[in-house]
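**Student:** The structure follows.
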Amino acid sequence: MQRWLLFCGSFLFCQDLAAEPAGNCTVSEVQPETIDLDRPRDQLARQSDLVIPEDARIGRIRIIRRPIFDTSDPDQDNVLYRTLNALNTPTWESALRAQLVFSDGDLYQPGMLAETERVLRQRQYLAAAWVGVTRICGNELEVSVLVRDTWTLLPTVGASRAGGENTTSTGLSDPNFLGSGKSLGIAYTESADRSQTSLNFDDPNLLGTHWQTGFSYASRSDGRGRSAYLERPFYSERTNWRFGLSGTEDVREQTLYVGAQAFANYRRRSEFASIDTGWRLAERNNRQLRLLAGYRYDTKEFERLPGQFDFSPFIENRTLSYPWVGFDYRENRFREMTNLTRLQRVEDVRDGFVWRTELGYSSPGLGATEDRAVLNMDFRDALLVTDTNYARYGFNQSGTWRFDEHRFENLLGTVSLEYFHGGSVTWNSWYTKLSFTAAHNLTLDQQLLIGGDNGLRGYPNDYQQGNRRALWTLERRYFPDWYPFKLFRLGGVVFTDVGRAWFSDGRSNGPDQGVLTNAGFGLRLASSRIEVQRMLHLDLAFPLGADDNIDQVQILLRGRTSF
């Protein structure tokens with residue numbers, strides 16, 4: 001019996017040796033076990049020290065999943081945290097492998113590991129991600145993928161307040177249903193405008209592939225909403241093609257504003273369908289050109305409600321039905337930073353430009369209400385990227401040209417500039433943003449408003465209206481290195497907002513027609529263990545020199561994805 005056990009033990013030992021890659025192996029000093037995922041700067045500092053051969057291939061992919069709480073840490077070794085770990089279903093290894101932009105046997109390409117990190121950090125069910133080469137054996141690489149789960153099964157009981165209006169919600173959601181990486185949720189929401197019961201499902205990796213699908217359904221007190229999509233995106237910088245198919249139906253009651261005062265309610269019914277595809281044409285010096293094409297059907301119908309003003313002579317039903325072509329030209333350069341828009345998390349910022357343009361032709365022969373040219377454009381670029389500074393600017397434009405009336409309609413353009421200073425290496429930062437929007441020939445259902453939730457936190461929602469809008473925000477942000485119960489991150493902010501919406505022809509834009517200013521302070525609360533993509537905002541904003549008819553303090557309680 002002893003000889004048999006000795007033989008079995010020797011056989012298993014030899015099998016383990018045989019499993020090792022042939023040739024001499026070099027092991028990196030940076031291993032996943034040494035990385036502290038609670039400290040984003042430690043993640044950034046832990047870069048592989050290995051020199052990758054030119055003909056290297058991915059020989060082995062090692063997935064390391066850490067639980068929500070590290071019970072080897074005395075601060076996290078308690079009954080509550082152990083229970084939460086036991087109740088949570090770890091993310092399936094197959095779900096994580098489906099997110100990777102490389103596979104076993106692939107030729108190693110610079111940037112592929114960093115790109116995988118960027119993909120993983122976007123997932124709601126992961127708190128952090130690190131990917132690196134941890135061993136080289138000949139020309140074969142061992143790549144380690146380290147992630148940490150978050151608690152995702154959440155009963156939703158919440159309330160928010162912005163611009164003098166309250167919103168409450170209850171529900172149940174899980175963006176990592178049973179560890180599969182799929183999202184499922186049901187919710188009931190009640191606001192000043194409507195009550196709504198909704199159901200949604202999203203699968204970012206259909207059948208373990210890079211195809212994505214999802215649907216949503218909402219039953220409202222004033223209508224309904226339905227949507228579904230199937231898509232294979234450009235999931236990687238090296239992806240050669242994409243395809244998308246989507247459809248949406250939305251019925252709801254809207255408010256028409258005149259001089260920023262609620263004037264009439266109406267019912268709007270909209271339907272949207274789209275099919276599109278794209279190809280990567282060329283790439284040089286990290287600059288990539290993509291050709292895009294597709295077809296869209298977009299219809300909007302308006303109905304007067306009983307007892308409301310008859311605005312039908314001023315607003316028309318319209319349908320756009322058009323094929324379109326476009327291009328996407330971008331620089332694929334990125335930088336990892338911390339404390340820009342999130343609390344103590346690694347953030348991926350683009351160090352380059354993205355320029356996307358679309359041109360379409362909508363014709364009655366395809367079911368449109370009239371002949372139109374459709375032009376959409378979006379441009380974003382980074383001006384400055386260092387360890388302590390990040391500046392970016394952008395311009396976007398949308399609208400149509402009506403051939404029957406020889407004029408633009410719903411032409412809208414926005415230019416913006418943002419600047420961050422200090423947060424990447426210190427515990428506080430400055431943030432400022434300046435934006436200007438100009439509109440031309442807006443239909444009554446497309447209104448340019450400012451106040452409350454869409455800028456100027458010290459004023460009610462939709463306080464001013466116009467065809468021009470300017471907004472400047474300045475914030476002093478604080479990121480203390482305080483980590484109570486290894487569960488929450490706390491931040492603070494002191495802010496001022498200055499802005500105005502107005503009509504270029506001098507029409508009344510609201511009860512206070514001048515430049516509006518407010519100041520205030522607030523708290524930010526984010527969890528590093530539970531629903532890490534959301535952040536609680538509590539702001540107290542004080543309008544300066546405002547009309548006595550509005551509250552002298554506005555309390556805003558909201559959930560947001562950024563600071």
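In the structure tokens, each chain is lettered A, B, ... as it comes, each chain's residues begin at 1, and ligands are numbered from 1 in order of appearance.
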I'd like the neighbourhood of A:Arg524 as a ChimeraX atom specification, where a residue qualifies if any of its atoms comes within 12 Å (using only C-alpha atoms), though same-chain residues fewer than 2 positions away should be ignored.

**Tutor:** /A:341-344,477-480,488-494,521-522,526-527,534-539,556-563

**Student:** Hey, could you make a per-residue contact list for stretch 161-236 of chain A against stretch 99-106 of chain A with 12 Å as the cut-off, showing the nearest pair of atoms and its distance in Å to one decimal, counting only C-alpha atoms, sorted by chain and number, as JSON lines?

**Tutor:**
{"residue": "A:Ser180", "atom": "CA", "partner": "A:Gln99", "partner_atom": "CA", "distance": 11.8}
{"residue": "A:Gly181", "atom": "CA", "partner": "A:Gln99", "partner_atom": "CA", "distance": 9.7}
{"residue": "A:Asp203", "atom": "CA", "partner": "A:Gln99", "partner_atom": "CA", "distance": 11.7}
{"residue": "A:Pro204", "atom": "CA", "partner": "A:Gln99", "partner_atom": "CA", "distance": 8.6}
{"residue": "A:Asn205", "atom": "CA", "partner": "A:Gln99", "partner_atom": "CA", "distance": 7.4}
{"residue": "A:Leu206", "atom": "CA", "partner": "A:Gln99", "partner_atom": "CA", "distance": 10.9}
{"residue": "A:Leu207", "atom": "CA", "partner": "A:Gln99", "partner_atom": "CA", "distance": 12.0}
{"residue": "A:Gly208", "atom": "CA", "partner": "A:Gln99", "partner_atom": "CA", "distance": 8.7}
{"residue": "A:Thr209", "atom": "CA", "partner": "A:Gln99", "partner_atom": "CA", "distance": 8.5}
{"residue": "A:His210", "atom": "CA", "partner": "A:Gln99", "partner_atom": "CA", "distance": 7.5}
{"residue": "A:Trp211", "atom": "CA", "partner": "A:Gln99", "partner_atom": "CA", "distance": 10.7}
{"residue": "A:Gln212", "atom": "CA", "partner": "A:Gln99", "partner_atom": "CA", "distance": 11.3}
{"residue": "A:Phe234", "atom": "CA", "partner": "A:Val101", "partner_atom": "CA", "distance": 10.6}
{"residue": "A:Tyr235", "atom": "CA", "partner": "A:Val101", "partner_atom": "CA", "distance": 7.5}
{"residue": "A:Ser236", "atom": "CA", "partner": "A:Val101", "partner_atom": "CA", "distance": 6.2}

**Student:** Contacts between stretch 282-296 of chain A and stretch 348-465 of chain A, please, where a residue of stretch 348-465 of chain A counts if it comes within 10 Å (with only C-alpha atoms); show its shortest atom pair and distance in Å to one decimal, rows by chain and ascending number, as a tab-separated table.

**Tutor:**
residue	atom	partner	partner_atom	distance
A:Gly352	CA	A:Arg287	CA	9.2
A:Phe353	CA	A:Arg287	CA	9.1
A:Val354	CA	A:Gln288	CA	9.6
A:Trp355	CA	A:Leu289	CA	9.6
A:Arg356	CA	A:Arg290	CA	9.3
A:Thr357	CA	A:Leu292	CA	9.2
A:Glu358	CA	A:Leu292	CA	8.2
A:Leu359	CA	A:Ala293	CA	9.4
A:Gly360	CA	A:Tyr295	CA	8.6
A:Tyr361	CA	A:Tyr295	CA	9.9
A:Ser362	CA	A:Arg296	CA	9.2

**Student:** Take atom CA of A:Gly451 and atom CA of A:Ile555 and report the distance between them in Å, one decimal.

**Tutor:**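 These two atoms are separated by 13.3 Å.
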
**Student:** For the helix (DSSP H, G or I) assignment from backbone DSSP, which residues of stretch 1-207 of chain A qualify? Please present them as a PyMOL selection string.

**Tutor:** chain A and resi 2-19+32-34+40-45+74-76+79-87+93-97+112-121+177-179+206-207

**Student:** Please identify all polymer residues within 8 Å of A:Ser216, counting only C-alpha atoms, omitting same-chain residues fewer than 5 positions from it, and present them as a list in words.

**Tutor:** Ser198, Leu199, Asn200, Phe201, Gly225, Arg226, Ser227 and Ala228 of chain A

**Student:** For the selection you just gave me, I'd like the residues written to a file as a short mmCIF file (atom, residue, chain, number, x, y, z; two decimals), in the first residue's frame, keeping N, CA, C and O atoms.

**Tutor:**
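After the write, again-v2.cif holds the following:
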data_model
loop_
_atom_site.label_atom_id
_atom_site.label_comp_id
_atom_site.auth_asym_id
_atom_site.auth_seq_id
_atom_site.Cartn_x
_atom_site.Cartn_y
_atom_site.Cartn_z
N SER A 198 -40.67 49.51 -14.13
CA SER A 198 -39.79 49.15 -15.24
C SER A 198 -39.08 47.82 -14.98
O SER A 198 -38.83 47.43 -13.83
N LEU A 199 -38.77 47.14 -16.07
CA LEU A 199 -38.02 45.89 -16.06
C LEU A 199 -36.93 46.00 -17.12
O LEU A 199 -37.19 46.45 -18.24
N ASN A 200 -35.71 45.59 -16.78
CA ASN A 200 -34.63 45.65 -17.77
C ASN A 200 -33.70 44.46 -17.63
O ASN A 200 -33.53 43.90 -16.53
N PHE A 201 -33.10 44.09 -18.76
CA PHE A 201 -32.14 42.98 -18.82
C PHE A 201 -31.04 43.37 -19.80
O PHE A 201 -31.31 43.96 -20.85
N GLY A 225 -42.93 52.48 -22.28
CA GLY A 225 -41.66 52.50 -22.99
C GLY A 225 -41.18 51.08 -23.23
O GLY A 225 -41.30 50.22 -22.35
N ARG A 226 -40.66 50.82 -24.43
CA ARG A 226 -40.13 49.51 -24.76
C ARG A 226 -38.88 49.68 -25.61
O ARG A 226 -38.84 50.57 -26.48
N SER A 227 -37.88 48.86 -25.39
CA SER A 227 -36.68 48.93 -26.22
C SER A 227 -35.97 47.57 -26.22
O SER A 227 -36.11 46.78 -25.28
N ALA A 228 -35.20 47.33 -27.27
CA ALA A 228 -34.40 46.11 -27.38
C ALA A 228 -33.25 46.39 -28.33
O ALA A 228 -33.33 47.26 -29.20
#
